[in-house]
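**Student:** What follows is protein.cif, mmCIF, C-alpha atoms.
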data_model
#
loop_
_atom_site.group_PDB
_atom_site.id
_atom_site.type_symbol
_atom_site.label_atom_id
_atom_site.label_comp_id
_atom_site.auth_asym_id
_atom_site.auth_seq_id
_atom_site.Cartn_x
_atom_site.Cartn_y
_atom_site.Cartn_z
ATOM 1 C CA MET A 1 17.966 -31.128 3.680
ATOM 2 C CA GLY A 2 19.384 -28.485 6.028
ATOM 3 C CA ALA A 3 16.160 -26.483 5.762
ATOM 4 C CA PHE A 4 14.298 -29.469 7.198
ATOM 5 C CA PHE A 5 16.159 -29.174 10.489
ATOM 6 C CA LYS A 6 15.275 -25.469 10.705
ATOM 7 C CA ARG A 7 11.547 -26.277 10.594
ATOM 8 C CA PRO A 8 10.838 -28.224 13.789
ATOM 9 C CA ARG A 9 7.101 -28.478 13.139
ATOM 10 C CA TYR A 10 7.818 -30.514 9.996
ATOM 11 C CA TRP A 11 9.562 -33.152 12.096
ATOM 12 C CA ARG A 12 6.188 -33.927 13.668
ATOM 13 C CA TYR A 13 4.716 -34.791 10.269
ATOM 14 C CA ALA A 14 7.763 -36.810 9.254
ATOM 15 C CA LEU A 15 7.817 -38.769 12.505
ATOM 16 C CA THR A 16 4.113 -39.553 12.159
ATOM 17 C CA ASP A 17 4.615 -40.829 8.606
ATOM 18 C CA LEU A 18 7.727 -42.812 9.560
ATOM 19 C CA GLY A 19 5.874 -44.260 12.559
ATOM 20 C CA GLY A 20 3.145 -45.482 10.227
ATOM 21 C CA LEU A 21 5.739 -47.154 8.019
ATOM 22 C CA ALA A 22 7.358 -48.799 11.057
ATOM 23 C CA PHE A 23 3.908 -50.067 12.065
ATOM 24 C CA ALA A 24 3.396 -51.526 8.575
ATOM 25 C CA ALA A 25 6.834 -53.172 8.645
ATOM 26 C CA ALA A 26 6.104 -54.730 12.057
ATOM 27 C CA TRP A 27 2.840 -56.168 10.781
ATOM 28 C CA GLY A 28 4.539 -57.357 7.627
ATOM 29 C CA MET A 29 7.149 -59.143 9.735
ATOM 30 C CA ARG A 30 4.401 -60.818 11.786
ATOM 31 C CA GLY A 31 2.783 -62.054 8.594
ATOM 32 C CA LEU A 32 6.066 -63.233 7.066
ATOM 33 C CA ALA A 33 6.970 -65.093 10.265
ATOM 34 C CA VAL A 34 4.275 -67.622 9.343
ATOM 35 C CA LEU A 35 6.210 -68.554 6.211
ATOM 36 C CA HIS A 36 9.334 -69.442 8.263
ATOM 37 C CA TRP A 37 11.620 -67.677 5.797
ATOM 38 C CA PRO A 38 15.112 -66.730 6.984
ATOM 39 C CA LEU A 39 15.198 -63.425 8.836
ATOM 40 C CA TRP A 40 17.511 -61.816 6.277
ATOM 41 C CA ILE A 41 15.038 -62.473 3.436
ATOM 42 C CA CYS A 42 12.135 -61.009 5.432
ATOM 43 C CA ALA A 43 14.200 -57.979 6.493
ATOM 44 C CA THR A 44 15.420 -57.375 2.923
ATOM 45 C CA LEU A 45 11.902 -57.573 1.527
ATOM 46 C CA LEU A 46 10.506 -55.193 4.142
ATOM 47 C CA ALA A 47 13.425 -52.779 3.719
ATOM 48 C CA ALA A 48 12.947 -52.758 -0.069
ATOM 49 C CA ILE A 49 9.373 -51.571 0.468
ATOM 50 C CA THR A 50 9.801 -49.366 3.538
ATOM 51 C CA LEU A 51 12.985 -47.413 2.756
ATOM 52 C CA PRO A 52 11.827 -45.851 -0.557
ATOM 53 C CA LEU A 53 8.522 -44.880 1.070
ATOM 54 C CA ALA A 54 10.380 -43.392 4.050
ATOM 55 C CA TRP A 55 12.573 -41.363 1.705
ATOM 56 C CA GLY A 56 9.493 -40.196 -0.183
ATOM 57 C CA PHE A 57 7.817 -38.982 3.018
ATOM 58 C CA LEU A 58 10.985 -37.271 4.267
ATOM 59 C CA THR A 59 11.470 -35.366 1.018
ATOM 60 C CA ARG A 60 7.764 -34.535 0.783
ATOM 61 C CA ASP A 61 7.487 -33.362 4.374
ATOM 62 C CA LEU A 62 10.411 -31.016 3.787
ATOM 63 C CA GLY A 63 8.301 -28.663 1.709
ATOM 64 C CA ARG A 64 4.732 -29.920 1.329
ATOM 65 C CA PRO A 65 3.573 -31.903 4.380
ATOM 66 C CA GLU A 66 -0.048 -32.931 4.771
ATOM 67 C CA PHE A 67 -1.520 -30.451 7.189
ATOM 68 C CA ILE A 68 -4.124 -31.366 9.764
ATOM 69 C CA ILE A 69 -7.301 -29.333 9.403
ATOM 70 C CA ASP A 70 -9.004 -30.402 12.655
ATOM 71 C CA ARG A 71 -6.186 -30.654 15.197
ATOM 72 C CA VAL A 72 -8.517 -31.390 18.113
ATOM 73 C CA LEU A 73 -10.061 -34.412 16.376
ATOM 74 C CA ALA A 74 -6.628 -35.703 15.336
ATOM 75 C CA ALA A 75 -5.200 -35.347 18.869
ATOM 76 C CA ARG A 76 -8.224 -37.053 20.445
ATOM 77 C CA THR A 77 -8.033 -39.883 17.935
ATOM 78 C CA ARG A 78 -4.341 -40.502 18.582
ATOM 79 C CA ARG A 79 -4.842 -40.443 22.359
ATOM 80 C CA ALA A 80 -7.843 -42.774 22.127
ATOM 81 C CA ARG A 81 -5.859 -45.174 19.939
ATOM 82 C CA VAL A 82 -3.019 -45.411 22.490
ATOM 83 C CA ILE A 83 -5.424 -45.779 25.433
ATOM 84 C CA LEU A 84 -7.474 -48.471 23.664
ATOM 85 C CA LEU A 85 -4.387 -50.444 22.648
ATOM 86 C CA MET A 86 -2.902 -50.304 26.152
ATOM 87 C CA THR A 87 -6.231 -51.244 27.746
ATOM 88 C CA ALA A 88 -6.748 -54.107 25.293
ATOM 89 C CA GLY A 89 -3.234 -55.400 25.943
ATOM 90 C CA THR A 90 -3.779 -55.326 29.700
ATOM 91 C CA VAL A 91 -7.225 -56.952 29.576
ATOM 92 C CA LEU A 92 -6.136 -59.664 27.154
ATOM 93 C CA SER A 93 -3.083 -60.373 29.288
ATOM 94 C CA ILE A 94 -5.275 -60.754 32.389
ATOM 95 C CA LEU A 95 -7.613 -63.052 30.458
ATOM 96 C CA HIS A 96 -4.626 -65.030 29.110
ATOM 97 C CA ARG A 97 -5.746 -64.371 25.530
ATOM 98 C CA PRO A 98 -2.754 -62.724 23.819
ATOM 99 C CA ASP A 99 -3.849 -64.472 20.632
ATOM 100 C CA LEU A 100 -6.648 -61.901 20.292
ATOM 101 C CA MET A 101 -4.285 -58.904 20.417
ATOM 102 C CA LEU A 102 -3.651 -58.961 16.672
ATOM 103 C CA LEU A 103 -7.383 -58.831 16.016
ATOM 104 C CA VAL A 104 -8.039 -56.034 18.521
ATOM 105 C CA ALA A 105 -5.032 -54.021 17.342
ATOM 106 C CA GLY A 106 -6.190 -54.306 13.727
ATOM 107 C CA LEU A 107 -9.675 -53.113 14.637
ATOM 108 C CA VAL A 108 -8.409 -50.211 16.765
ATOM 109 C CA ILE A 109 -5.791 -49.073 14.244
ATOM 110 C CA GLY A 110 -8.142 -49.455 11.270
ATOM 111 C CA ALA A 111 -10.939 -47.575 13.026
ATOM 112 C CA SER A 112 -8.552 -44.776 14.066
ATOM 113 C CA TYR A 113 -7.712 -44.037 10.438
ATOM 114 C CA LEU A 114 -11.315 -42.980 9.777
ATOM 115 C CA PRO A 115 -11.418 -39.881 12.038
ATOM 116 C CA LEU A 116 -7.804 -39.079 11.122
ATOM 117 C CA GLY A 117 -8.823 -38.993 7.473
ATOM 118 C CA ARG A 118 -11.650 -36.653 8.378
ATOM 119 C CA ALA A 119 -9.315 -34.453 10.458
ATOM 120 C CA MET A 120 -6.915 -34.160 7.513
ATOM 121 C CA LYS A 121 -9.575 -34.163 4.783
ATOM 122 C CA GLU A 122 -7.598 -37.044 3.298
ATOM 123 C CA PRO A 123 -9.738 -39.750 1.667
ATOM 124 C CA VAL A 124 -6.731 -42.080 1.357
ATOM 125 C CA HIS A 125 -6.651 -42.395 5.174
ATOM 126 C CA ILE A 126 -10.305 -43.380 5.179
ATOM 127 C CA GLY A 127 -9.694 -45.979 2.460
ATOM 128 C CA THR A 128 -6.678 -47.352 4.342
ATOM 129 C CA GLY A 129 -8.690 -47.623 7.546
ATOM 130 C CA LEU A 130 -11.528 -49.430 5.795
ATOM 131 C CA ALA A 131 -9.052 -51.805 4.118
ATOM 132 C CA ILE A 132 -7.432 -52.642 7.474
ATOM 133 C CA LEU A 133 -10.844 -53.268 9.051
ATOM 134 C CA LEU A 134 -11.905 -55.529 6.176
ATOM 135 C CA VAL A 135 -8.644 -57.497 6.222
ATOM 136 C CA THR A 136 -8.888 -57.924 9.996
ATOM 137 C CA LEU A 137 -12.508 -59.109 9.865
ATOM 138 C CA PHE A 138 -11.813 -61.402 6.902
ATOM 139 C CA SER A 139 -8.878 -62.996 8.699
ATOM 140 C CA LEU A 140 -11.211 -63.939 11.579
ATOM 141 C CA ALA A 141 -12.698 -66.685 9.454
ATOM 142 C CA LEU A 142 -9.292 -68.255 8.831
ATOM 143 C CA PRO A 143 -7.566 -70.803 11.065
ATOM 144 C CA GLN A 144 -4.060 -70.233 12.351
ATOM 145 C CA PRO A 145 -1.497 -69.757 10.828
ATOM 146 C CA TRP A 146 -3.476 -68.331 7.894
ATOM 147 C CA HIS A 147 -5.132 -65.803 10.192
ATOM 148 C CA MET A 148 -1.741 -64.361 11.166
ATOM 149 C CA LEU A 149 -0.489 -64.390 7.582
ATOM 150 C CA VAL A 150 -3.532 -62.576 6.160
ATOM 151 C CA ALA A 151 -3.908 -60.147 9.074
ATOM 152 C CA GLY A 152 -0.206 -59.264 9.121
ATOM 153 C CA LEU A 153 0.521 -58.989 5.411
ATOM 154 C CA GLY A 154 -2.947 -57.598 4.611
ATOM 155 C CA THR A 155 -2.610 -54.794 7.135
ATOM 156 C CA ALA A 156 0.932 -54.014 6.011
ATOM 157 C CA THR A 157 -0.118 -53.981 2.348
ATOM 158 C CA SER A 158 -3.042 -51.656 3.127
ATOM 159 C CA CYS A 159 -0.671 -49.237 4.854
ATOM 160 C CA TRP A 160 1.907 -49.422 2.058
ATOM 161 C CA LEU A 161 -0.673 -48.835 -0.682
ATOM 162 C CA GLY A 162 -2.128 -45.949 1.293
ATOM 163 C CA ALA A 163 1.371 -44.469 1.647
ATOM 164 C CA VAL A 164 2.012 -44.773 -2.096
ATOM 165 C CA LEU A 165 -1.312 -43.067 -2.899
ATOM 166 C CA ARG A 166 -0.627 -40.267 -0.415
ATOM 167 C CA LEU A 167 2.797 -39.664 -1.927
ATOM 168 C CA MET A 168 1.367 -39.681 -5.454
ATOM 169 C CA ASN A 169 -1.370 -37.224 -4.435
ATOM 170 C CA SER A 170 1.211 -34.854 -2.995
ATOM 171 C CA LEU A 171 3.334 -34.662 -6.138
ATOM 172 C CA PRO A 172 3.395 -31.146 -7.562
ATOM 173 C CA PRO A 173 1.272 -30.740 -10.685
ATOM 174 C CA ARG A 174 3.265 -30.825 -13.863
ATOM 175 C CA ALA A 175 3.414 -27.683 -15.919
ATOM 176 C CA VAL A 176 0.887 -27.393 -18.711
ATOM 177 C CA ARG A 177 3.633 -27.316 -21.289
ATOM 178 C CA ASP A 178 4.964 -30.635 -19.994
ATOM 179 C CA THR A 179 1.601 -32.385 -20.317
ATOM 180 C CA ALA A 180 0.135 -30.732 -23.400
ATOM 181 C CA PRO A 181 0.673 -32.499 -26.726
ATOM 182 C CA GLU A 182 3.075 -30.943 -29.174
ATOM 183 C CA PRO A 183 1.285 -28.659 -31.618
ATOM 184 C CA VAL A 184 1.365 -29.637 -35.265
ATOM 185 C CA ARG A 185 3.415 -27.135 -37.177
ATOM 186 C CA THR A 186 3.120 -26.711 -40.864
ATOM 187 C CA GLY A 187 5.239 -24.311 -42.753
ATOM 188 C CA ALA A 188 5.743 -23.518 -46.386
ATOM 189 C CA HIS A 189 8.700 -25.888 -46.544
ATOM 190 C CA ASP A 190 6.434 -28.773 -45.373
ATOM 191 C CA VAL A 191 3.936 -28.361 -48.167
ATOM 192 C CA GLN A 192 4.501 -30.483 -51.247
ATOM 193 C CA VAL A 193 2.643 -29.936 -54.464
ATOM 194 C CA LEU A 194 1.518 -33.088 -56.151
ATOM 195 C CA SER A 195 1.294 -32.825 -59.897
#
Please render this file's structure as structure tokens.
**Tutor:**
Amino acid sequence: MGAFFKRPRYWRYALTDLGGLAFAAAWGMRGLAVLHWPLWICATLLAAITLPLAWGFLTRDLGRPEFIIDRVLAARTRRARVILLMTAGTVLSILHRPDLMLLVAGLVIGASYLPLGRAMKEPVHIGTGLAILLVTLFSLALPQPWHMLVAGLGTATSCWLGAVLRLMNSLPPRAVRDTAPEPVRTGAHDVQVLS
């Protein structure tokens, strides 16, 4: 792990991945809050999902991070996401409609995954973004508290599944000898003569 600290550019990738997992955990907590479970159960459940994924991203980003192909598009998308979220928060606060923030945040975050996927040539990002958008729009039809439950846990689950797929896609290919079936060997000692 010492080599990780000698490569400062890799920290950027790790922090981005860990930030995404923190975002998923926050949304998961919002969804679980509807169930009125004790905090320790919710925290344990979220930690059981988040910590292995965080470890997977840290170990992956040490040697094989996902590189951004179109840095300009990625930077513009991240800036636009922050500006839109801050503007939406301000406007909704002025209008006294904080209840719409979950909806707007889901739409902004989900939509931002689409250009990020294009900037990284990563179809999993595009799928995650579409899943978040669909969950957010579907939850609109539900009354509270179901809206919060579906939007929170649905968004978190979309992010977690996307993270699992990204980690699986970044696994090194197994050697041919590890995946090829064992050859059938016949020798003279294996041959039996039936009489």
**Student:** Counting all atoms listed in the file, which of A:Leu171, A:Leu21, A:Arg118, A:Trp37 gets nearest to Leu53 (chain A)?
**Tutor:**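 Among the listed residues, the smallest separation from Leu53 (chain A) belongs to A:Leu21.
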**Student:** Would you give me, as JSON lines, each residue of region 10-123 of chain A having an atom within 10 Å of an atom of region 130-154 of chain A, along with its shortest atom pair and that distance in Å to one decimal, using only C-alpha atoms and sorting by chain and residue number?
**Tutor:**
{"residue": "A:Ala24", "atom": "CA", "partner": "A:Gly152", "partner_atom": "CA", "distance": 8.6}
{"residue": "A:Ala25", "atom": "CA", "partner": "A:Leu153", "partner_atom": "CA", "distance": 9.2}
{"residue": "A:Ala26", "atom": "CA", "partner": "A:Gly152", "partner_atom": "CA", "distance": 8.3}
{"residue": "A:Trp27", "atom": "CA", "partner": "A:Gly152", "partner_atom": "CA", "distance": 4.6}
{"residue": "A:Gly28", "atom": "CA", "partner": "A:Leu153", "partner_atom": "CA", "distance": 4.9}
{"residue": "A:Met29", "atom": "CA", "partner": "A:Gly152", "partner_atom": "CA", "distance": 7.4}
{"residue": "A:Arg30", "atom": "CA", "partner": "A:Gly152", "partner_atom": "CA", "distance": 5.5}
{"residue": "A:Gly31", "atom": "CA", "partner": "A:Gly152", "partner_atom": "CA", "distance": 4.1}
{"residue": "A:Leu32", "atom": "CA", "partner": "A:Leu149", "partner_atom": "CA", "distance": 6.7}
{"residue": "A:Ala33", "atom": "CA", "partner": "A:Leu149", "partner_atom": "CA", "distance": 8.0}
{"residue": "A:Val34", "atom": "CA", "partner": "A:Leu149", "partner_atom": "CA", "distance": 6.0}
{"residue": "A:Leu35", "atom": "CA", "partner": "A:Leu149", "partner_atom": "CA", "distance": 8.0}
{"residue": "A:Asp99", "atom": "CA", "partner": "A:Met148", "partner_atom": "CA", "distance": 9.7}
{"residue": "A:Leu102", "atom": "CA", "partner": "A:Ala151", "partner_atom": "CA", "distance": 7.7}
{"residue": "A:Leu103", "atom": "CA", "partner": "A:Thr136", "partner_atom": "CA", "distance": 6.3}
{"residue": "A:Val104", "atom": "CA", "partner": "A:Thr136", "partner_atom": "CA", "distance": 8.8}
{"residue": "A:Ala105", "atom": "CA", "partner": "A:Thr136", "partner_atom": "CA", "distance": 9.2}
{"residue": "A:Gly106", "atom": "CA", "partner": "A:Thr136", "partner_atom": "CA", "distance": 5.9}
{"residue": "A:Leu107", "atom": "CA", "partner": "A:Leu133", "partner_atom": "CA", "distance": 5.7}
{"residue": "A:Val108", "atom": "CA", "partner": "A:Leu133", "partner_atom": "CA", "distance": 8.6}
{"residue": "A:Ile109", "atom": "CA", "partner": "A:Ile132", "partner_atom": "CA", "distance": 7.8}
{"residue": "A:Gly110", "atom": "CA", "partner": "A:Ile132", "partner_atom": "CA", "distance": 5.0}
{"residue": "A:Ala111", "atom": "CA", "partner": "A:Leu133", "partner_atom": "CA", "distance": 6.9}
{"residue": "A:Ser112", "atom": "CA", "partner": "A:Leu130", "partner_atom": "CA", "distance": 9.9}
{"residue": "A:Tyr113", "atom": "CA", "partner": "A:Leu130", "partner_atom": "CA", "distance": 8.1}
{"residue": "A:Leu114", "atom": "CA", "partner": "A:Leu130", "partner_atom": "CA", "distance": 7.6}
**Student:** Counting all atoms listed in the file, figure out which residue out of A:Met120, A:Leu51, A:Leu46, A:Ile94 gets nearest to Thr157 (chain A).
**Tutor:**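 Nearest to Thr157 (chain A): A:Leu46.
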**Student:** When you draw a straight line from CA of Thr155 (chain A) to CA of His96 (chain A), how long is it in Å?
**Tutor:**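 CA of His96 (chain A) lies at a distance of 24.3 Å from CA of Thr155 (chain A).
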**Student:** For the structure shown, which residues end up in the PyMOL selection byres ((chain A and resi 85) around 9)? Put them as a ChimeraX atom specification, please?
**Tutor:** /A:80-84,86-90,101,104-105,108-109
**Student:** Report, in Å to a single decimal, how far apart CA of Thr16 (chain A) and CA of Ile68 (chain A) are.
**Tutor:** 11.9 Å
**Student:** Using all atoms listed in the file, which of A:Phe67, A:Tyr13, A:Trp55, A:Trp40 sits nearest Lys121 (chain A)?
**Tutor:**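 Distance minimum relative to Lys121 (chain A) lands on A:Phe67.
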**Student:** Work out how far CA of Phe23 (chain A) is from CA of Gly127 (chain A), in Å to one decimal.
**Tutor:**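 Distance between the two atoms: 17.1 Å.
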**Student:** Given the choices A:Cys159, A:Ala75, A:Ala14, A:Ile69, which gets closest to Thr50 (chain A) if the distance is worked out from only C-alpha atoms?
**Tutor:**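 Of A:Cys159, A:Ala75, A:Ala14, A:Ile69, the one nearest Thr50 (chain A) is A:Cys159, counting only C-alpha atoms.
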**Student:** Which residues, written as a list in words, have at least one atom at most 12 Å from Ser170 (chain A), with only C-alpha atoms counted and residues fewer than 5 positions away on the same chain left out?
**Tutor:**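 Counting only the stated atoms, we get Gly56, Phe57, Thr59, Arg60, Asp61, Gly63, Arg64, Pro65, Glu66, Phe67, Glu122, Val124, Ala163, Val164 and Leu165 of chain A.
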**Student:** Could you check the closest approach to Trp160 (chain A) for each of A:His125, A:Asp70, A:Ser93, A:Arg79 and tell me which residue wins, using all atoms listed in the file?
**Tutor:**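 Distance minimum relative to Trp160 (chain A) lands on A:His125.
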**Student:** If I wrap all listed atoms of region 71-90 of chain A in a box with edges along x, y and z and add 8 Å on each side, what are its centre and edge lengths in Å to one decimal, as lines of an AutoDock Vina configuration file?
**Tutor:**
center_x = -6.5
center_y = -43.0
center_z = 22.4
size_x = 23.2
size_y = 40.7
size_z = 30.5
**Student:** Taking all atoms listed in the file into account, which of A:Ala119, A:Ala22, A:Leu95, A:Leu15 comes nearest Ala47 (chain A)?
**Tutor:**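 Among the listed residues, A:Ala22 lies closest to Ala47 (chain A).
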